[in-house]
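Raw contents of coords_30.txt, compact mmCIF, N, CA and C atoms:
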```txt
# COMPACT_ATOMS: atom_id res chain seq x y z
N MET V 1 -17.41 56.69 6.48
CA MET V 1 -18.50 56.01 5.79
C MET V 1 -17.96 55.01 4.76
N LYS V 2 -16.86 55.42 4.04
CA LYS V 2 -16.29 54.51 3.04
C LYS V 2 -15.71 53.26 3.70
N LYS V 3 -15.14 53.43 4.92
CA LYS V 3 -14.59 52.28 5.64
C LYS V 3 -15.70 51.30 6.00
N ILE V 4 -16.81 51.82 6.46
CA ILE V 4 -17.95 50.96 6.84
C ILE V 4 -18.47 50.19 5.63
N ILE V 5 -18.59 50.88 4.51
CA ILE V 5 -19.07 50.22 3.28
C ILE V 5 -18.06 49.17 2.83
N GLY V 6 -16.76 49.48 2.93
CA GLY V 6 -15.73 48.53 2.54
C GLY V 6 -15.74 47.29 3.42
N VAL V 7 -15.85 47.49 4.73
CA VAL V 7 -15.89 46.35 5.66
C VAL V 7 -17.16 45.53 5.44
N ALA V 8 -18.28 46.20 5.26
CA ALA V 8 -19.55 45.50 5.02
C ALA V 8 -19.49 44.71 3.71
N SER V 9 -18.90 45.29 2.68
CA SER V 9 -18.79 44.61 1.39
C SER V 9 -17.89 43.37 1.51
N THR V 10 -16.78 43.51 2.22
CA THR V 10 -15.88 42.37 2.41
C THR V 10 -16.56 41.27 3.21
N LEU V 11 -17.26 41.65 4.26
CA LEU V 11 -17.97 40.67 5.08
C LEU V 11 -19.04 39.95 4.26
N LEU V 12 -19.79 40.69 3.47
CA LEU V 12 -20.82 40.08 2.63
C LEU V 12 -20.20 39.12 1.62
N PHE V 13 -19.07 39.49 1.03
CA PHE V 13 -18.39 38.63 0.08
C PHE V 13 -17.96 37.31 0.73
N VAL V 14 -17.39 37.40 1.93
CA VAL V 14 -16.95 36.20 2.65
C VAL V 14 -18.14 35.30 2.98
N ILE V 15 -19.24 35.89 3.39
CA ILE V 15 -20.44 35.11 3.71
C ILE V 15 -20.98 34.41 2.47
N VAL V 16 -21.07 35.11 1.36
CA VAL V 16 -21.58 34.52 0.13
C VAL V 16 -20.65 33.41 -0.35
N LEU V 17 -19.34 33.63 -0.28
CA LEU V 17 -18.38 32.61 -0.70
C LEU V 17 -18.48 31.38 0.18
N THR V 18 -18.58 31.54 1.48
CA THR V 18 -18.71 30.42 2.40
C THR V 18 -19.99 29.64 2.14
N CYS V 19 -21.08 30.33 1.96
CA CYS V 19 -22.37 29.66 1.69
C CYS V 19 -22.32 28.90 0.38
N SER V 20 -21.71 29.47 -0.64
CA SER V 20 -21.66 28.79 -1.94
C SER V 20 -20.81 27.52 -1.85
N ILE V 21 -19.76 27.54 -1.03
CA ILE V 21 -18.95 26.33 -0.86
C ILE V 21 -19.78 25.24 -0.19
N PHE V 22 -20.53 25.60 0.87
CA PHE V 22 -21.36 24.60 1.56
C PHE V 22 -22.48 24.09 0.66
N VAL V 23 -23.09 24.95 -0.12
CA VAL V 23 -24.18 24.53 -1.01
C VAL V 23 -23.64 23.62 -2.09
N SER V 24 -22.49 23.95 -2.68
CA SER V 24 -21.96 23.09 -3.73
C SER V 24 -21.56 21.73 -3.17
N ALA V 25 -21.08 21.69 -1.94
CA ALA V 25 -20.72 20.40 -1.33
C ALA V 25 -21.96 19.60 -0.99
N ALA V 26 -23.06 20.27 -0.70
CA ALA V 26 -24.27 19.58 -0.28
C ALA V 26 -25.08 19.03 -1.45
N ILE V 27 -24.81 19.47 -2.68
CA ILE V 27 -25.66 19.02 -3.77
C ILE V 27 -25.10 17.82 -4.54
N THR V 28 -23.93 17.34 -4.16
CA THR V 28 -23.40 16.17 -4.84
C THR V 28 -24.19 14.92 -4.41
N PRO V 29 -24.46 14.01 -5.35
CA PRO V 29 -25.13 12.77 -4.97
C PRO V 29 -24.17 11.72 -4.41
N ASN V 30 -22.88 12.05 -4.36
CA ASN V 30 -21.87 11.12 -3.85
C ASN V 30 -21.50 11.53 -2.43
N TYR V 31 -22.05 10.80 -1.45
CA TYR V 31 -21.75 11.15 -0.06
C TYR V 31 -22.01 9.97 0.86
N ALA V 32 -21.54 10.12 2.09
CA ALA V 32 -21.77 9.10 3.12
C ALA V 32 -22.13 9.80 4.41
N THR V 33 -22.89 9.12 5.26
CA THR V 33 -23.25 9.66 6.57
C THR V 33 -23.03 8.59 7.63
N ASN V 34 -22.78 9.08 8.83
CA ASN V 34 -22.62 8.21 9.99
C ASN V 34 -23.41 8.86 11.12
N ASN V 35 -24.48 8.23 11.55
CA ASN V 35 -25.30 8.78 12.62
C ASN V 35 -25.17 7.92 13.87
N HIS V 36 -25.03 8.61 14.99
CA HIS V 36 -24.89 7.94 16.28
C HIS V 36 -25.48 8.85 17.34
N GLU V 37 -26.41 8.33 18.09
CA GLU V 37 -27.03 9.13 19.16
C GLU V 37 -26.29 8.89 20.46
N ASP V 38 -26.20 9.91 21.29
CA ASP V 38 -25.58 9.76 22.61
C ASP V 38 -26.31 8.67 23.39
N MET V 39 -25.55 7.94 24.16
CA MET V 39 -26.06 6.86 25.02
C MET V 39 -26.66 5.71 24.21
N SER V 40 -26.24 5.56 22.97
CA SER V 40 -26.71 4.46 22.12
C SER V 40 -25.49 3.63 21.71
N ILE V 41 -25.71 2.35 21.49
CA ILE V 41 -24.61 1.50 21.04
C ILE V 41 -24.66 1.29 19.52
N TYR V 42 -25.58 1.95 18.85
CA TYR V 42 -25.76 1.73 17.42
C TYR V 42 -25.23 2.90 16.61
N TYR V 43 -24.53 2.55 15.54
CA TYR V 43 -24.08 3.51 14.53
C TYR V 43 -24.82 3.17 13.25
N TYR V 44 -25.32 4.19 12.57
CA TYR V 44 -26.08 3.99 11.34
C TYR V 44 -25.30 4.61 10.19
N GLY V 45 -24.72 3.77 9.35
CA GLY V 45 -23.92 4.24 8.23
C GLY V 45 -24.68 4.15 6.92
N TYR V 46 -24.39 5.09 6.03
CA TYR V 46 -25.04 5.13 4.72
C TYR V 46 -24.07 5.72 3.71
N VAL V 47 -24.01 5.14 2.54
CA VAL V 47 -23.22 5.70 1.44
C VAL V 47 -24.06 5.61 0.18
N GLN V 48 -23.91 6.62 -0.67
CA GLN V 48 -24.59 6.58 -1.96
C GLN V 48 -23.72 7.26 -3.00
N CYS V 49 -23.91 6.84 -4.25
CA CYS V 49 -23.24 7.48 -5.37
C CYS V 49 -24.13 7.39 -6.60
N GLN V 50 -23.86 8.27 -7.53
CA GLN V 50 -24.56 8.28 -8.81
C GLN V 50 -23.49 8.28 -9.91
N PRO V 51 -23.31 7.13 -10.57
CA PRO V 51 -22.22 7.02 -11.54
C PRO V 51 -22.24 8.06 -12.66
N SER V 52 -23.39 8.55 -13.05
CA SER V 52 -23.45 9.52 -14.14
C SER V 52 -23.01 10.92 -13.73
N TYR V 53 -22.94 11.17 -12.44
CA TYR V 53 -22.57 12.50 -11.95
C TYR V 53 -21.05 12.67 -12.04
N VAL V 54 -20.60 13.75 -12.66
CA VAL V 54 -19.17 14.03 -12.78
C VAL V 54 -18.77 14.98 -11.66
N GLU V 55 -17.83 14.53 -10.86
CA GLU V 55 -17.34 15.33 -9.74
C GLU V 55 -15.83 15.46 -9.87
N ALA V 56 -15.37 16.67 -10.07
CA ALA V 56 -13.93 16.94 -10.24
C ALA V 56 -13.35 16.10 -11.38
N GLY V 57 -14.10 15.93 -12.46
CA GLY V 57 -13.61 15.19 -13.62
C GLY V 57 -13.67 13.69 -13.49
N LYS V 58 -14.38 13.18 -12.47
CA LYS V 58 -14.44 11.73 -12.24
C LYS V 58 -15.87 11.29 -11.94
N HIS V 59 -16.11 10.00 -12.18
CA HIS V 59 -17.38 9.37 -11.83
C HIS V 59 -17.15 8.43 -10.65
N ALA V 60 -18.10 8.36 -9.74
CA ALA V 60 -18.03 7.38 -8.65
C ALA V 60 -18.70 6.10 -9.15
N ALA V 61 -17.90 5.09 -9.44
CA ALA V 61 -18.44 3.82 -9.96
C ALA V 61 -19.15 3.04 -8.87
N ARG V 62 -18.67 3.17 -7.63
CA ARG V 62 -19.29 2.53 -6.47
C ARG V 62 -18.71 3.18 -5.22
N GLY V 63 -19.33 2.93 -4.08
CA GLY V 63 -18.86 3.50 -2.81
C GLY V 63 -18.93 2.46 -1.71
N TYR V 64 -18.23 2.75 -0.61
CA TYR V 64 -18.29 1.83 0.53
C TYR V 64 -18.30 2.59 1.84
N ILE V 65 -18.76 1.87 2.88
CA ILE V 65 -18.64 2.32 4.26
C ILE V 65 -17.96 1.20 5.04
N ARG V 66 -17.36 1.57 6.16
CA ARG V 66 -16.65 0.57 6.97
C ARG V 66 -16.61 1.05 8.42
N TYR V 67 -16.78 0.12 9.34
CA TYR V 67 -16.66 0.41 10.77
C TYR V 67 -15.58 -0.47 11.39
N ARG V 68 -14.85 0.12 12.35
CA ARG V 68 -13.88 -0.63 13.15
C ARG V 68 -14.09 -0.29 14.62
N ARG V 69 -14.08 -1.35 15.45
CA ARG V 69 -14.18 -1.18 16.89
C ARG V 69 -12.92 -1.75 17.53
N TYR V 70 -12.46 -1.12 18.59
CA TYR V 70 -11.22 -1.51 19.25
C TYR V 70 -11.49 -2.05 20.65
N ASN V 71 -10.59 -2.91 21.12
CA ASN V 71 -10.69 -3.39 22.50
C ASN V 71 -9.96 -2.41 23.42
N LEU V 72 -9.87 -2.73 24.69
CA LEU V 72 -9.24 -1.81 25.66
C LEU V 72 -7.73 -1.68 25.47
N LEU V 73 -7.13 -2.56 24.70
CA LEU V 73 -5.70 -2.48 24.41
C LEU V 73 -5.42 -1.72 23.11
N GLY V 74 -6.47 -1.26 22.44
CA GLY V 74 -6.30 -0.54 21.18
C GLY V 74 -6.18 -1.43 19.97
N GLU V 75 -6.51 -2.71 20.12
CA GLU V 75 -6.46 -3.65 19.01
C GLU V 75 -7.85 -3.75 18.37
N ILE V 76 -7.88 -3.93 17.07
CA ILE V 76 -9.16 -4.06 16.37
C ILE V 76 -9.81 -5.38 16.79
N ASN V 77 -11.06 -5.31 17.28
CA ASN V 77 -11.76 -6.55 17.63
C ASN V 77 -13.05 -6.72 16.84
N ALA V 78 -13.39 -5.72 16.02
CA ALA V 78 -14.53 -5.86 15.10
C ALA V 78 -14.28 -4.96 13.90
N ASP V 79 -14.45 -5.52 12.72
CA ASP V 79 -14.22 -4.78 11.48
C ASP V 79 -15.22 -5.28 10.45
N THR V 80 -16.02 -4.39 9.92
CA THR V 80 -17.01 -4.80 8.93
C THR V 80 -16.38 -5.08 7.58
N GLY V 81 -15.17 -4.60 7.36
CA GLY V 81 -14.61 -4.65 6.02
C GLY V 81 -15.33 -3.59 5.19
N ARG V 82 -14.96 -3.47 3.95
CA ARG V 82 -15.59 -2.49 3.07
C ARG V 82 -16.93 -3.02 2.59
N LEU V 83 -17.98 -2.33 2.94
CA LEU V 83 -19.33 -2.71 2.54
C LEU V 83 -19.69 -1.87 1.32
N TRP V 84 -19.52 -2.45 0.14
CA TRP V 84 -19.65 -1.74 -1.12
C TRP V 84 -21.10 -1.65 -1.61
N THR V 85 -21.38 -0.61 -2.36
CA THR V 85 -22.60 -0.56 -3.16
C THR V 85 -22.35 -1.44 -4.37
N GLU V 86 -23.36 -1.66 -5.17
CA GLU V 86 -23.10 -2.35 -6.43
C GLU V 86 -22.36 -1.40 -7.37
N TYR V 87 -21.76 -1.96 -8.42
CA TYR V 87 -21.10 -1.15 -9.43
C TYR V 87 -22.12 -0.45 -10.30
N GLY V 88 -21.81 0.76 -10.70
CA GLY V 88 -22.60 1.41 -11.75
C GLY V 88 -22.32 0.70 -13.06
N GLN V 89 -23.29 0.70 -13.95
CA GLN V 89 -23.14 -0.03 -15.20
C GLN V 89 -22.29 0.71 -16.22
N SER V 90 -22.29 2.04 -16.15
CA SER V 90 -21.53 2.85 -17.11
C SER V 90 -21.53 4.30 -16.62
N PRO V 91 -20.77 5.17 -17.27
CA PRO V 91 -20.79 6.58 -16.87
C PRO V 91 -22.13 7.27 -17.19
N ARG V 92 -23.03 6.57 -17.84
CA ARG V 92 -24.36 7.11 -18.12
C ARG V 92 -25.42 6.56 -17.17
N ASP V 93 -25.01 5.75 -16.22
CA ASP V 93 -25.92 5.14 -15.26
C ASP V 93 -26.38 6.21 -14.26
N SER V 94 -27.63 6.60 -14.33
CA SER V 94 -28.13 7.69 -13.48
C SER V 94 -28.79 7.19 -12.19
N ARG V 95 -28.72 5.89 -11.94
CA ARG V 95 -29.30 5.36 -10.70
C ARG V 95 -28.51 5.86 -9.49
N ILE V 96 -29.19 5.94 -8.35
CA ILE V 96 -28.52 6.19 -7.08
C ILE V 96 -28.23 4.82 -6.48
N LEU V 97 -26.94 4.51 -6.33
CA LEU V 97 -26.51 3.24 -5.75
C LEU V 97 -26.22 3.49 -4.28
N SER V 98 -26.79 2.69 -3.41
CA SER V 98 -26.61 2.97 -1.98
C SER V 98 -26.39 1.69 -1.19
N ARG V 99 -25.88 1.91 0.01
CA ARG V 99 -25.66 0.81 0.95
C ARG V 99 -25.80 1.38 2.35
N ASN V 100 -26.48 0.67 3.22
CA ASN V 100 -26.54 1.11 4.61
C ASN V 100 -26.16 -0.05 5.51
N HIS V 101 -25.78 0.29 6.73
CA HIS V 101 -25.37 -0.73 7.68
C HIS V 101 -25.54 -0.19 9.09
N THR V 102 -26.07 -1.03 9.97
CA THR V 102 -26.16 -0.69 11.40
C THR V 102 -25.06 -1.46 12.11
N PHE V 103 -24.17 -0.72 12.75
CA PHE V 103 -23.04 -1.32 13.46
C PHE V 103 -23.29 -1.21 14.95
N THR V 104 -23.08 -2.31 15.68
CA THR V 104 -23.29 -2.33 17.12
C THR V 104 -21.96 -2.15 17.83
N ASP V 105 -21.90 -1.13 18.66
CA ASP V 105 -20.69 -0.84 19.43
C ASP V 105 -20.70 -1.68 20.70
N SER V 106 -19.59 -1.68 21.41
CA SER V 106 -19.47 -2.40 22.68
C SER V 106 -20.13 -1.60 23.79
N ILE V 107 -20.64 -2.28 24.78
CA ILE V 107 -21.23 -1.58 25.93
C ILE V 107 -20.15 -1.25 26.97
N VAL V 108 -18.94 -1.76 26.78
CA VAL V 108 -17.84 -1.50 27.71
C VAL V 108 -17.25 -0.12 27.40
N PRO V 109 -17.15 0.76 28.41
CA PRO V 109 -16.53 2.07 28.17
C PRO V 109 -15.09 1.88 27.68
N ASN V 110 -14.71 2.63 26.66
CA ASN V 110 -13.44 2.41 25.99
C ASN V 110 -12.88 3.74 25.51
N PRO V 111 -11.60 4.02 25.80
CA PRO V 111 -11.01 5.27 25.31
C PRO V 111 -10.78 5.25 23.80
N TYR V 112 -10.77 4.07 23.19
CA TYR V 112 -10.59 3.96 21.74
C TYR V 112 -11.96 4.01 21.07
N LYS V 113 -12.18 5.04 20.33
CA LYS V 113 -13.49 5.26 19.71
C LYS V 113 -13.68 4.39 18.47
N THR V 114 -14.91 3.98 18.24
CA THR V 114 -15.27 3.28 17.02
C THR V 114 -15.03 4.23 15.86
N GLU V 115 -14.45 3.70 14.77
CA GLU V 115 -14.13 4.54 13.62
C GLU V 115 -15.05 4.22 12.44
N PHE V 116 -15.34 5.26 11.67
CA PHE V 116 -16.17 5.15 10.47
C PHE V 116 -15.33 5.62 9.29
N PHE V 117 -15.34 4.84 8.23
CA PHE V 117 -14.62 5.19 7.00
C PHE V 117 -15.59 5.10 5.83
N TYR V 118 -15.29 5.87 4.79
CA TYR V 118 -16.03 5.74 3.54
C TYR V 118 -15.15 6.23 2.40
N ASP V 119 -15.44 5.76 1.20
CA ASP V 119 -14.73 6.25 0.02
C ASP V 119 -15.49 5.75 -1.21
N PHE V 120 -15.00 6.13 -2.36
CA PHE V 120 -15.60 5.76 -3.63
C PHE V 120 -14.53 5.22 -4.55
N GLU V 121 -14.93 4.40 -5.49
CA GLU V 121 -14.04 3.98 -6.56
C GLU V 121 -14.27 4.95 -7.70
N TRP V 122 -13.27 5.79 -7.96
CA TRP V 122 -13.40 6.86 -8.95
C TRP V 122 -12.87 6.41 -10.30
N VAL V 123 -13.59 6.81 -11.36
CA VAL V 123 -13.19 6.53 -12.73
C VAL V 123 -13.10 7.86 -13.46
N PRO V 124 -11.96 8.14 -14.12
CA PRO V 124 -11.86 9.40 -14.86
C PRO V 124 -12.99 9.52 -15.89
N ASP V 125 -13.39 10.76 -16.17
CA ASP V 125 -14.52 11.01 -17.06
C ASP V 125 -14.36 10.30 -18.40
N ASN V 126 -13.18 10.26 -18.96
CA ASN V 126 -12.97 9.57 -20.24
C ASN V 126 -12.25 8.25 -20.07
N GLY V 127 -12.20 7.74 -18.84
CA GLY V 127 -11.50 6.48 -18.57
C GLY V 127 -12.36 5.28 -18.88
N SER V 128 -11.73 4.11 -18.86
CA SER V 128 -12.48 2.88 -19.12
C SER V 128 -13.23 2.49 -17.85
N TRP V 129 -14.46 2.09 -18.03
CA TRP V 129 -15.33 1.73 -16.92
C TRP V 129 -14.95 0.36 -16.39
N PRO V 130 -14.92 0.18 -15.06
CA PRO V 130 -14.55 -1.13 -14.52
C PRO V 130 -15.63 -2.17 -14.82
N PHE V 131 -15.18 -3.39 -14.96
CA PHE V 131 -16.12 -4.48 -15.15
C PHE V 131 -16.89 -4.69 -13.85
N SER V 132 -18.16 -4.94 -13.97
CA SER V 132 -18.97 -5.20 -12.79
C SER V 132 -18.54 -6.54 -12.19
N GLN V 133 -18.27 -6.52 -10.92
CA GLN V 133 -17.85 -7.72 -10.22
C GLN V 133 -18.44 -7.71 -8.83
N PRO V 134 -18.47 -8.87 -8.16
CA PRO V 134 -19.02 -8.88 -6.81
C PRO V 134 -18.16 -8.02 -5.88
N PRO V 135 -18.78 -7.38 -4.91
CA PRO V 135 -18.01 -6.58 -3.97
C PRO V 135 -17.01 -7.44 -3.20
N VAL V 136 -15.84 -6.88 -2.95
CA VAL V 136 -14.79 -7.55 -2.19
C VAL V 136 -14.78 -6.96 -0.80
N ILE V 137 -14.82 -7.81 0.22
CA ILE V 137 -14.73 -7.33 1.60
C ILE V 137 -13.26 -7.38 1.99
N GLU V 138 -12.72 -6.23 2.36
CA GLU V 138 -11.29 -6.14 2.70
C GLU V 138 -11.13 -5.83 4.17
```
Rewrite the coordinates I just gave you, this time as structure tokens.
Amino acid sequence: MKKIIGVASTLLFVIVLTCSIFVSAAITPNYATNNHEDMSIYYYGYVQCQPSYVEAGKHAARGYIRYRRYNLLGEINADTGRLWTEYGQSPRDSRILSRNHTFTDSIVPNPYKTEFFYDFEWVPDNGSWPFSQPPVIE
């Protein structure tokens, strides 16, 4: 009986720990998504950040999404560059800054898959805030 209780307790602990990790990851306002339906040539990208939210001791001042498509030789033949959100005004800026983009894939079957990237420009909690500037496409 003690073994059953011990195994059940351990299993319950693992389940609670796993759920708490997923819940904490799901509640951040800094995230990106890439949606693509089977048999569709469209990819729907979205990124958002909230500069006032502190995540791991940093603020997301802005975020970007990017798509790359390859030809049959594995060479890049379409690249959106970094599609940035606007800059947050300060670490107290509680707005949700977002950017979305619909990317059209090729209709030619290709072993090289279209790639989706995203990231954020992070500023330390007590760091100097970047000057607002126009987004740079890289």
All strand (DSSP E) positions in segment 14-119 of chain V, as a VMD selection string: chain V and resid 31 to 36 42 to 49 54 to 55 58 to 70 76 to 79 83 to 84 97 to 104 115 to 119
As a check of understanding: the span from atom N of Gln89 of chain V to atom N of Asp119 of chain V is 17.8 Å
Measuring atom to atom with only C-alpha atoms, identify which of V:Gln50, V:Glu121, V:Thr80, V:Tyr70 is nearest to Asp93 of chain V.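 Smallest distance to Asp93 of chain V is found for V:Gln50.
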Quick check, in Å to one decimal: how far apart do atom CA of Trp84 of chain V and atom C of Ser128 of chain V lie?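 Computed distance, atom CA of Trp84 of chain V to atom C of Ser128 of chain V, equals 18.4 Å.
Here atom CA of Glu75 of chain V is placed at a distance of 13.6 Å from atom CA of Ser106 of chain V.
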Quick one: of V:Tyr112, V:Tyr53, V:Tyr43, V:Tyr64, who's nearest to Arg99 of chain V, counting only N, CA and C atoms?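 The answer is V:Tyr64, which sits nearest to Arg99 of chain V.
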